[in-house]
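Q: Quick one: the structure is below, and I'll ask about it shortly.
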Amino acid sequence: MSLLTETENEGLPPVPLLLGILLAFAVSVGLVWLAADSSITALAYGGALIAIVLALLLAPRFRPAQAADGFQQPDWTVTAAAIQNRRRAVAVLDRANRLTCANDTYEKWFGGDLAPHELPFDEEAKRKLAEAARSAWREGEGSSGELALEGSDRRFELAIERVGRGEDYLVWRFSEVVRTRSYDGMNERISGPLGQIMSRSGIELAIVAPDGIVQSATPGLAERALGERGAKLAGQEFVQLLRSDDRDRIFFAREGQQGSPQTLVHVPLDPPGGKDAQGGEAAPALMLLVDSTVGIGGGWQGSGKAAIPQLEALLSALPLGLALTDRDGRFLFANKAFLRAVEREGSGLPQFPSDLVVREDKAAMADTVRRFAKGATASGDMAVRLANDKEEPVSIGLAGVRGLGDAAVLLSISDSTEEKRLRRQVAQATKMQAVGQLAGGVAHDFNNVLTAIIGYCDLMLLRHTPGDSDYDDIQQIKANSNRAASLTRQLLAFSRQQTLRPVVLQMPDVVSEVSQLLKRLMGDKIEFSVRHDRELGPVRADPQQLEQVIINLAVNARDAMQSHAARLGKQDWKGRLTLATRRVSARDVRKMGIDIMPADDYTVLIVQDTGGGIPGEHLNKIFEPFFTTKEQGKGTGLGLSTVYGIVKQSNGFIFADNVTDSSGEAAGARFTMYLPVHKGEMPANQRGEDREDTKASEWAGGGTLLLVEDEDMVRAVAERALTRAGYSVTTARDGEEGLAQIANGEIEFDLIVSDVVMPAMDGPAMARAIRKVKPDVPILFMSGYAEEQLRNDIDIDNMYFIPKPFSVQQINAKVSEVLQAQAKVDA
């Protein structure tokens with residue numbers, strides 16, 4: 001509050017009155033002078049008259065200021081206190097347009113001690129101010145429209161009133177123009193007590209912005225959508241909170257069809273003009289979700305037939321598959337468990353229950369439903385075969401119901417989807433294990449044969465030189481033997497019994513190594529692209545085997561795209577092969593819900609093509625050995641089984657599925673390989689000189705060897721190879737004979753070379769017995785099985801390994817490497 005100016009009347013008469021007094025004074029003095037005929041008398045009279053007039057004029061100054069009616073002059077401090085108003089700026093002006101008093105709001109809004117007409121209003125506003133002031137002086141009051149300050153978007157309205165005893169003052173009242181919206185304050189009401197009341201009544205509210213983002217919501221909506229009453233929905237997309245089924249019923253996404261259906265009411269908050277009053281922006285909308293149990297939503301309606309909403313909500317929450325039909329046998333409702341049991345979860349229900357079963361059972365199903373719908377209340381069950389699963393019959397229960405509106409028959413079925421899936425997985429795993437054991441046994445025995453063939457080829461090549469008539473034939477035999485050896489390696493890879501040499505590596509490095517080769521393999525008609533995620537974790541795997549996995553998947557994809565184009569008759573087709581790496585955290589794995597895959601961090605390799613996809617009946621068989629969809633002679637059926645074996649032996653997982661386009665048609669196949677992220681330190685064998693594949697220098701010191709092998713041809717070729725290399729070789733046919741050679745003590749052996757699988761006493765049992773009498777002698781095992789499996793089964797120090805089949809050069813190099821290492825230890 002402030003007092004700006006105080007003015008008073010000086011007590012002097014107006015100018016016309018003064019002129020009249022002076023004229024009367026002069027006339028009276030003149031008359032006295034004429035009457036007395038004496039100038040002295042006239043002067044004395046005039047002086048006395050002047051003294052009397054001055055006394056009368058100055059008398060009010062020496063009296064308390066009091067009006068004729070008894071009131072004192074205005075006290076402006078009191079006036080300033082009386083006009084205080086936080087929402088209005090008030091100013092008092094006198095007739096001279098001087099600011100005599102103003103409230104604090106006036107000073108806050110406009111600042112300074114300026115009168116209203118001196119404020120920085122624009123020209124139009126100043127014109128309105130002057131016109132309102134003239135109207136107030138003339139008629140007692142005046143007003144203006146909106147007034148705008150220069151350089152500001154604030155707007156004001158003015159009302160002026162003439163006041164005072166002599167109506168000598170004007171009171172100026174400024175009000176700020178505030179744009180109000182229909183939904184102002186609604187956010188606070190919805191999230192406050194009003195929202196709690198609506199939630200208790202089964203009605204949820206949300207204010208949703210034009211872009212679909214929730215601005216505020218009732219507490220009950222947050223609890224049903226997110227599972228927590230205190231959760232914040234602001235900032236989330238409204239449509240993501242809801243889901244609709246094939247009958248256009250709306251459910252909360254978190255509850256699914258096990259929750260009660262909702263009726264959605266959209267209330268636009270736009271003004272009649274269609275835009276927000278401020279800024280011309282679109283206004284948000286009020287979304288009402290009315291629970292079906294409230295009784296005003298009406299529940300779901302389909303084909304003009306409505307089931308009771310409360311009953312639907314109850315059936316949706318039950319784990320048993322339940323469905324309702326009307327008297328004509330048409331479906332009214334089915335819960336999620338029923339759809340899952342009949343394998344129609346994605347496509348929805350048909351019109352009649354008979355459409356769910358095979359052709360042979362349609363008539364019986366239709367007759368039974370019709371009988372229960374129109375007959376007396378009864379119940380029963382029948383065995384049928386579903387159209388989506390013709391192999392195993394299922395039992396469907398039927399019961400006639402009454403008093404539930406249009407509902408006439410209740411159908412029930414147990415959801416055996418999970419049971420079927422587990423049964424298929426167990427059957428698949430058992431079959432794969434049996435085939436793997438068979439493949440491993442065949443590969444082991446076949447490796448012995450190949451070892452002998454390759455070894456004898458090497459020995460024959462030592463006696464023949466290029467140009468001999470037999471040299472090329474021997475080379476051809478060896479080449480075919482090596483090709484057969486690669487086939488056995490595929491069998492061992494499938495059975496997870498091959499020898500892997502894992503190292504810690506980055507997946508993009510392996511992809512980069514094979515990218516150039518893949519581009520050549522794909523040809524001109526297939527576009528090849530690679531995409532890598534950031535911050536990929538390292539994996540521990542055999543890089544060569546990992547390259548084989550990528551090449552096998554890529555070649556398979558190329559063949560699939562070519563076959564798809566040929567089936568469609570496209571000559572100018574173009575395909576696309578995409579390799580992508582992804583980072584998947586343990587949290588993501590838990591969300592995926594894959595039971596067989598532990599929750600851990602994974603580095604993922606995705607191989608995706610644009611072919612015709614994998615037929616649904618083949619998805620569970622593509623990793624089986626010798627299963628192929630290619631034409632006769634164009635595939636062995638071991639490519640994907642080898643991939644499966646390598647991935648599983650690397651502690652990984654691989655899955656196959658189809659990629660669909662916008663219309664739901666298959667647009668290609670996708671293989672996804674998960675390898676666990678390696679979290680340990682870098683192994684020592686990856687540092688330069690310590691690598692396992694570092695070749696040992698030639699051993700020139702000779703040595704005495706004990707060769708134990710039950711296969712005569714393998715023993716013979718190994719003996720001849722080692723003897724030619726300068727070693728003294730003693731042979732044994734099995735483990736017992738080898739142990740007897742050690743027990744005789746006649747020969748001190750520098751190295752024992754032994755097969756693993758032998759009759760009577762196998763290699764590991766012989767090695768343990770030998771170590772009791774010869775604890776330091778090194779042992780070199782020969783086997784077609786995996787080295788890791790052997791080391792897990794045999795805990796023996798100073799043990800070495802060479803995989804079968806091997807060549808003469810390989811067995812000689814390995815023996816020299818072991819003897820050299822032993823010499824360093826002895827030194």
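As shown in the structure tokens, the chain order sets the letters A, B, ...; within each chain, residues go from 1, and ligands are also counted from 1 in the order they appear.
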To test your reading of the structure, identify every residue in segment 319-367 of chain A that backbone DSSP assigns to helix (DSSP H, G or I), and report it as JSON, numbers by chain.
A: {"A": [336, 337, 338, 339, 340, 341, 353, 354, 355, 356, 359, 360, 361, 362, 363, 364, 365, 366, 367]}
Q: For the selection you just gave me, I'd like the residues written to a file as a tab-separated table (two decimals), in the first residue's frame, keeping N, CA and C atoms.
A:
```tsv
chain	number	residue	atom	x	y	z
A	336	LYS	N	-10.05	-67.69	-22.72
A	336	LYS	CA	-8.73	-67.84	-23.31
A	336	LYS	C	-8.24	-69.28	-23.23
A	337	ALA	N	-8.55	-69.97	-22.14
A	337	ALA	CA	-8.11	-71.36	-21.98
A	337	ALA	C	-8.74	-72.25	-23.04
A	338	PHE	N	-10.01	-71.98	-23.40
A	338	PHE	CA	-10.68	-72.79	-24.44
A	338	PHE	C	-10.01	-72.56	-25.79
A	339	LEU	N	-9.75	-71.28	-26.11
A	339	LEU	CA	-9.10	-70.97	-27.39
A	339	LEU	C	-7.73	-71.62	-27.47
A	340	ARG	N	-7.01	-71.62	-26.35
A	340	ARG	CA	-5.69	-72.24	-26.34
A	340	ARG	C	-5.78	-73.74	-26.49
A	341	ALA	N	-6.81	-74.35	-25.89
A	341	ALA	CA	-6.95	-75.80	-25.95
A	341	ALA	C	-7.28	-76.27	-27.36
A	353	PRO	N	-19.39	-74.95	-33.11
A	353	PRO	CA	-18.41	-75.87	-32.52
A	353	PRO	C	-17.99	-76.98	-33.49
A	354	SER	N	-18.88	-77.38	-34.39
A	354	SER	CA	-18.53	-78.45	-35.32
A	354	SER	C	-17.39	-78.03	-36.27
A	355	ASP	N	-17.15	-76.72	-36.40
A	355	ASP	CA	-16.06	-76.26	-37.26
A	355	ASP	C	-14.70	-76.50	-36.62
A	356	LEU	N	-14.67	-76.88	-35.36
A	356	LEU	CA	-13.41	-77.12	-34.68
A	356	LEU	C	-12.87	-78.53	-34.89
A	359	ARG	N	-13.57	-83.61	-40.26
A	359	ARG	CA	-14.79	-83.81	-41.05
A	359	ARG	C	-15.62	-85.00	-40.56
A	360	GLU	N	-14.94	-86.05	-40.13
A	360	GLU	CA	-15.67	-87.24	-39.70
A	360	GLU	C	-16.47	-87.00	-38.43
A	361	ASP	N	-16.09	-86.02	-37.60
A	361	ASP	CA	-16.77	-85.79	-36.32
A	361	ASP	C	-17.73	-84.61	-36.36
A	362	LYS	N	-17.86	-83.93	-37.49
A	362	LYS	CA	-18.69	-82.72	-37.56
A	362	LYS	C	-20.15	-83.02	-37.26
A	363	ALA	N	-20.69	-84.03	-37.90
A	363	ALA	CA	-22.12	-84.33	-37.73
A	363	ALA	C	-22.43	-84.69	-36.28
A	364	ALA	N	-21.63	-85.55	-35.69
A	364	ALA	CA	-21.87	-85.97	-34.31
A	364	ALA	C	-21.77	-84.77	-33.36
A	365	MET	N	-20.82	-83.87	-33.61
A	365	MET	CA	-20.66	-82.71	-32.75
A	365	MET	C	-21.86	-81.78	-32.87
A	366	ALA	N	-22.31	-81.52	-34.08
A	366	ALA	CA	-23.45	-80.62	-34.28
A	366	ALA	C	-24.71	-81.19	-33.64
A	367	ASP	N	-24.98	-82.49	-33.82
A	367	ASP	CA	-26.17	-83.11	-33.25
A	367	ASP	C	-26.15	-83.07	-31.73
```
Q: Please provide the set of residues having any atom within 12 Å of Met507 of chain A, restricted to only C-alpha atoms, with same-chain residues fewer than 5 positions apart removed, written as a compact mmCIF listing (two decimals) with N, CA and C atoms, in the first residue's frame.
A:
```txt
# COMPACT_ATOMS: atom_id res chain seq x y z
N SER A 512 32.87 -61.31 -39.67
CA SER A 512 33.72 -60.59 -40.62
C SER A 512 34.64 -61.54 -41.38
N GLU A 513 35.12 -62.60 -40.71
CA GLU A 513 36.02 -63.54 -41.36
C GLU A 513 35.35 -64.26 -42.54
N VAL A 514 34.06 -64.55 -42.40
CA VAL A 514 33.38 -65.33 -43.44
C VAL A 514 32.54 -64.47 -44.38
N VAL A 530 24.93 -57.12 -43.21
CA VAL A 530 25.35 -57.47 -41.84
C VAL A 530 25.06 -56.28 -40.94
N ARG A 531 24.47 -56.54 -39.78
CA ARG A 531 24.20 -55.50 -38.79
C ARG A 531 24.65 -56.02 -37.42
N HIS A 532 25.37 -55.16 -36.70
CA HIS A 532 25.88 -55.54 -35.38
C HIS A 532 25.31 -54.62 -34.32
N ASP A 533 24.95 -55.20 -33.21
CA ASP A 533 24.53 -54.43 -32.04
C ASP A 533 25.76 -53.89 -31.33
N ARG A 534 25.55 -52.94 -30.44
CA ARG A 534 26.65 -52.37 -29.67
C ARG A 534 26.83 -53.12 -28.35
N GLU A 535 28.04 -53.02 -27.83
CA GLU A 535 28.37 -53.57 -26.51
C GLU A 535 28.03 -55.06 -26.40
N LEU A 536 28.44 -55.81 -27.42
CA LEU A 536 28.24 -57.26 -27.39
C LEU A 536 29.22 -57.90 -26.42
N GLY A 537 28.75 -58.88 -25.70
CA GLY A 537 29.63 -59.60 -24.79
C GLY A 537 30.43 -60.67 -25.53
N PRO A 538 31.64 -60.98 -25.07
CA PRO A 538 32.43 -62.04 -25.71
C PRO A 538 31.83 -63.41 -25.44
N VAL A 539 32.10 -64.35 -26.32
CA VAL A 539 31.62 -65.73 -26.16
C VAL A 539 32.82 -66.67 -26.24
N ARG A 540 32.65 -67.86 -25.72
CA ARG A 540 33.71 -68.86 -25.76
C ARG A 540 33.27 -69.99 -26.67
N ALA A 541 33.91 -70.10 -27.81
CA ALA A 541 33.53 -71.10 -28.81
C ALA A 541 34.72 -71.37 -29.72
N ASP A 542 34.60 -72.43 -30.49
CA ASP A 542 35.62 -72.77 -31.48
C ASP A 542 35.36 -71.89 -32.72
N PRO A 543 36.28 -71.00 -33.08
CA PRO A 543 36.00 -70.09 -34.21
C PRO A 543 35.78 -70.82 -35.52
N LEU A 546 32.37 -72.28 -35.42
CA LEU A 546 31.39 -71.19 -35.51
C LEU A 546 31.27 -70.69 -36.95
N GLU A 547 32.39 -70.64 -37.64
CA GLU A 547 32.34 -70.28 -39.06
C GLU A 547 31.54 -71.32 -39.85
N ILE A 550 27.84 -70.62 -39.42
CA ILE A 550 27.36 -69.49 -40.21
C ILE A 550 27.26 -69.87 -41.68
N LEU A 579 22.51 -61.02 -41.72
CA LEU A 579 23.17 -61.52 -40.51
C LEU A 579 23.19 -60.38 -39.51
N ALA A 580 22.70 -60.62 -38.33
CA ALA A 580 22.63 -59.58 -37.30
C ALA A 580 23.05 -60.16 -35.96
N THR A 581 23.74 -59.36 -35.19
CA THR A 581 24.10 -59.74 -33.83
C THR A 581 23.33 -58.86 -32.86
N ARG A 582 22.94 -59.44 -31.75
CA ARG A 582 22.15 -58.72 -30.75
C ARG A 582 22.68 -59.03 -29.36
N ARG A 583 22.41 -58.12 -28.45
CA ARG A 583 22.76 -58.30 -27.05
C ARG A 583 21.46 -58.56 -26.27
N TYR A 602 23.32 -63.17 -23.06
CA TYR A 602 23.66 -63.91 -24.27
C TYR A 602 24.06 -62.93 -25.38
N THR A 603 24.94 -63.43 -26.25
CA THR A 603 25.20 -62.77 -27.53
C THR A 603 24.50 -63.59 -28.60
N VAL A 604 23.68 -62.93 -29.40
CA VAL A 604 22.78 -63.61 -30.32
C VAL A 604 23.21 -63.35 -31.75
N LEU A 605 23.19 -64.41 -32.55
CA LEU A 605 23.41 -64.30 -34.00
C LEU A 605 22.11 -64.68 -34.70
N ILE A 606 21.61 -63.79 -35.55
CA ILE A 606 20.37 -64.01 -36.28
C ILE A 606 20.68 -64.11 -37.77
N MET A 673 20.57 -67.91 -32.88
CA MET A 673 21.53 -68.68 -32.09
C MET A 673 21.94 -67.85 -30.87
N TYR A 674 21.81 -68.44 -29.67
CA TYR A 674 22.17 -67.78 -28.42
C TYR A 674 23.42 -68.44 -27.86
N LEU A 675 24.46 -67.67 -27.65
CA LEU A 675 25.67 -68.15 -26.98
C LEU A 675 25.87 -67.36 -25.71
N PRO A 676 26.10 -68.03 -24.57
CA PRO A 676 26.24 -67.30 -23.30
C PRO A 676 27.47 -66.40 -23.31
N VAL A 677 27.33 -65.25 -22.71
CA VAL A 677 28.45 -64.30 -22.63
C VAL A 677 29.51 -64.84 -21.67
N HIS A 678 30.77 -64.84 -22.13
CA HIS A 678 31.87 -65.32 -21.29
C HIS A 678 32.23 -64.24 -20.29
```
Q: Tell me, as a PDB file with C-alpha atoms, in the first residue's frame, which residues lie within 9 Å of segment 450-464 of chain A, counting only C-alpha atoms; anything in the same chain fewer than 6 positions away does not count.
A:
```pdb
ATOM      1  CA  ASP A 470      49.596 -95.102 -59.317  1.00  0.00           C
ATOM      2  CA  TYR A 471      50.321 -91.726 -57.715  1.00  0.00           C
ATOM      3  CA  ILE A 474      46.413 -93.020 -54.400  1.00  0.00           C
ATOM      4  CA  GLN A 475      45.802 -89.285 -54.091  1.00  0.00           C
ATOM      5  CA  ILE A 477      41.690 -92.503 -52.585  1.00  0.00           C
ATOM      6  CA  LYS A 478      43.102 -90.219 -49.919  1.00  0.00           C
ATOM      7  CA  ALA A 479      40.957 -87.293 -51.050  1.00  0.00           C
ATOM      8  CA  SER A 481      38.840 -90.679 -47.457  1.00  0.00           C
ATOM      9  CA  ASN A 482      39.280 -87.117 -46.216  1.00  0.00           C
ATOM     10  CA  ALA A 484      34.414 -89.224 -45.677  1.00  0.00           C
ATOM     11  CA  ALA A 485      36.282 -88.000 -42.602  1.00  0.00           C
ATOM     12  CA  MET A 713      44.602-102.320 -39.501  1.00  0.00           C
ATOM     13  CA  VAL A 714      44.910 -99.144 -37.384  1.00  0.00           C
ATOM     14  CA  ARG A 715      47.606-100.751 -35.228  1.00  0.00           C
ATOM     15  CA  ALA A 716      49.516-101.895 -38.294  1.00  0.00           C
ATOM     16  CA  VAL A 717      49.514 -98.538 -40.067  1.00  0.00           C
ATOM     17  CA  ALA A 718      50.410 -96.643 -36.882  1.00  0.00           C
ATOM     18  CA  ARG A 720      54.709 -98.707 -39.658  1.00  0.00           C
ATOM     19  CA  ALA A 721      54.386 -94.898 -39.555  1.00  0.00           C
ATOM     20  CA  LYS A 804      40.882 -90.037 -35.453  1.00  0.00           C
ATOM     21  CA  PRO A 805      41.228 -90.252 -38.388  1.00  0.00           C
ATOM     22  CA  PHE A 806      44.828 -89.038 -38.598  1.00  0.00           C
ATOM     23  CA  SER A 807      47.482 -89.183 -41.272  1.00  0.00           C
ATOM     24  CA  VAL A 808      51.022 -90.543 -40.985  1.00  0.00           C
ATOM     25  CA  GLN A 809      52.368 -87.016 -40.758  1.00  0.00           C
TER      26      GLN A 809
END
```
Q: With a distance cut-off of 12 Å and only C-alpha atoms, select the neighbouring residues of Leu43 of chain A, excluding the residue or stretch itself and same-chain residues fewer than 3 positions from it, and output the selection as a count of residues only.
A: 18
Q: Got a sec: who's within 6 Å of segment 384-389 of chain A, counting only C-alpha atoms, leaving out chain neighbours fewer than 3 positions off, as a PyMOL selection string?
A: chain A and resi 356-358+393-394
Q: Write out as a VMD selection string all residues of segment 91-297 of chain A that backbone DSSP assigns to strand (DSSP E).
A: chain A and resid 91 to 93 99 to 102 141 to 143 147 to 148 155 to 163 169 to 176 203 to 208 214 to 217 242 to 244 250 to 252 262 to 268 285 to 291
Q: Write the residues of the selection above to a file with C-alpha atoms, as a JSON list (two decimals), in the first residue's frame.
A:
```json
[["chain", "number", "residue", "atom", "x", "y", "z"],
["A", 91, "ALA", "CA", -5.89, 3.47, -9.06],
["A", 92, "VAL", "CA", -7.50, 6.83, -8.02],
["A", 93, "LEU", "CA", -7.02, 9.92, -10.24],
["A", 99, "LEU", "CA", -2.41, 9.60, -9.63],
["A", 100, "THR", "CA", -3.42, 10.18, -6.02],
["A", 101, "CYS", "CA", -3.53, 6.56, -4.79],
["A", 102, "ALA", "CA", -3.03, 2.97, -6.05],
["A", 141, "GLU", "CA", -18.82, 5.32, -15.30],
["A", 142, "GLY", "CA", -17.00, 3.90, -18.29],
["A", 143, "SER", "CA", -15.38, 0.71, -19.50],
["A", 147, "LEU", "CA", -6.29, -3.77, -23.55],
["A", 148, "ALA", "CA", -2.85, -4.96, -24.61],
["A", 155, "ARG", "CA", -4.57, -8.70, -21.69],
["A", 156, "PHE", "CA", -6.61, -6.49, -19.34],
["A", 157, "GLU", "CA", -10.13, -5.10, -19.02],
["A", 158, "LEU", "CA", -10.91, -1.67, -17.47],
["A", 159, "ALA", "CA", -13.85, -0.28, -15.49],
["A", 160, "ILE", "CA", -13.87, 3.44, -14.38],
["A", 161, "GLU", "CA", -16.17, 5.05, -11.81],
["A", 162, "ARG", "CA", -16.53, 8.77, -10.84],
["A", 163, "VAL", "CA", -16.51, 9.25, -7.01],
["A", 169, "TYR", "CA", -12.04, 11.69, -8.63],
["A", 170, "LEU", "CA", -12.03, 8.65, -10.89],
["A", 171, "VAL", "CA", -11.43, 5.08, -9.64],
["A", 172, "TRP", "CA", -9.74, 2.92, -12.33],
["A", 173, "ARG", "CA", -10.11, -0.87, -11.89],
["A", 174, "PHE", "CA", -8.02, -3.18, -14.12],
["A", 175, "SER", "CA", -8.83, -6.94, -14.35],
["A", 176, "GLU", "CA", -6.53, -9.43, -16.12],
["A", 203, "ILE", "CA", -15.37, -46.67, -13.56],
["A", 204, "GLU", "CA", -11.83, -45.64, -14.46],
["A", 205, "LEU", "CA", -10.94, -42.27, -15.98],
["A", 206, "ALA", "CA", -7.92, -41.00, -17.87],
["A", 207, "ILE", "CA", -7.01, -37.70, -19.51],
["A", 208, "VAL", "CA", -5.26, -38.55, -22.78],
["A", 214, "VAL", "CA", -1.76, -40.38, -20.64],
["A", 215, "GLN", "CA", -1.67, -37.11, -18.66],
["A", 216, "SER", "CA", -3.46, -38.32, -15.53],
["A", 217, "ALA", "CA", -5.56, -41.29, -14.44],
["A", 242, "LEU", "CA", -5.56, -52.24, -23.41],
["A", 243, "ARG", "CA", -6.09, -55.24, -25.65],
["A", 244, "SER", "CA", -9.05, -56.42, -27.69],
["A", 250, "ILE", "CA", -11.67, -54.61, -24.57],
["A", 251, "PHE", "CA", -9.51, -55.92, -21.72],
["A", 252, "PHE", "CA", -6.62, -54.56, -19.74],
["A", 262, "GLN", "CA", -14.40, -52.99, -20.35],
["A", 263, "THR", "CA", -16.59, -50.51, -22.19],
["A", 264, "LEU", "CA", -14.56, -47.60, -23.52],
["A", 265, "VAL", "CA", -16.25, -44.19, -23.77],
["A", 266, "HIS", "CA", -14.39, -41.40, -25.55],
["A", 267, "VAL", "CA", -15.34, -37.89, -24.38],
["A", 268, "PRO", "CA", -13.72, -35.10, -26.47],
["A", 285, "ALA", "CA", -9.80, -36.29, -24.37],
["A", 286, "LEU", "CA", -11.44, -37.93, -21.39],
["A", 287, "MET", "CA", -11.40, -41.73, -21.58],
["A", 288, "LEU", "CA", -13.92, -43.67, -19.47],
["A", 289, "LEU", "CA", -13.45, -47.39, -18.90],
["A", 290, "VAL", "CA", -16.62, -48.92, -17.50],
["A", 291, "ASP", "CA", -16.21, -52.40, -16.06]]
```
Q: Restricting the calculation to only C-alpha atoms: of A:Thr578, A:Ser754, A:Ser201, A:Ser191, which residue gets closest to Arg229 of chain A?
A: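 Answer, going by the shortest atom-to-atom distance: A:Ser191.
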Q: Identify which of the residues A:Ile622, A:Ile213, A:Ile779, A:Ala55 lies closest to Ile794 of chain A, counting only C-alpha atoms when measuring atom-to-atom distances.
A: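 Closest candidate: A:Ile779.
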Q: Go ahead and compute the interatomic distance for atom CA of Ser199 of chain A and atom CA of Asp211 of chain A, in Å to one decimal.
A: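 Taking atom CA of Ser199 of chain A and atom CA of Asp211 of chain A, their separation equals 24.8 Å.
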Q: Could you state the separation of atom CA of Glu624 of chain A and atom CA of Ala566 of chain A in Å, given to one decimal place?
A: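 That distance, rounded to one decimal, is 25.6 Å.
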Q: Between atom CA of Ala399 of chain A and atom CA of Leu318 of chain A, what is the distance in Å, rounded to a tenth?
A: 16.9 Å
Q: Calculated over only C-alpha atoms, which of the candidates A:Asn447, A:Arg590, A:Met766, A:Ser515 has the smallest distance to Ser783 of chain A?
A: A:Asn447
Q: With distances taken over only C-alpha atoms, which of A:Thr325, A:Ser260, A:Asn448, A:Asn812 is nearest to Glu312 of chain A?
A: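 Nearest candidate to Glu312 of chain A out of A:Thr325, A:Ser260, A:Asn448, A:Asn812: A:Ser260.
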Q: Find, counting only C-alpha atoms, the residue in A:Phe801, A:Phe653, A:Trp109, A:Phe623 that gets nearest to Val90 of chain A.
A: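 Of A:Phe801, A:Phe653, A:Trp109, A:Phe623, the one nearest Val90 of chain A, counting only C-alpha atoms, is A:Trp109.
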Q: May I ask which of the residues A:Val401, A:Ala209, A:Ala130, A:Ile752 is the closest one to Pro764 of chain A, counting only C-alpha atoms?
A: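 Going through A:Val401, A:Ala209, A:Ala130, A:Ile752 one by one, the smallest distance to Pro764 of chain A is for A:Ile752.
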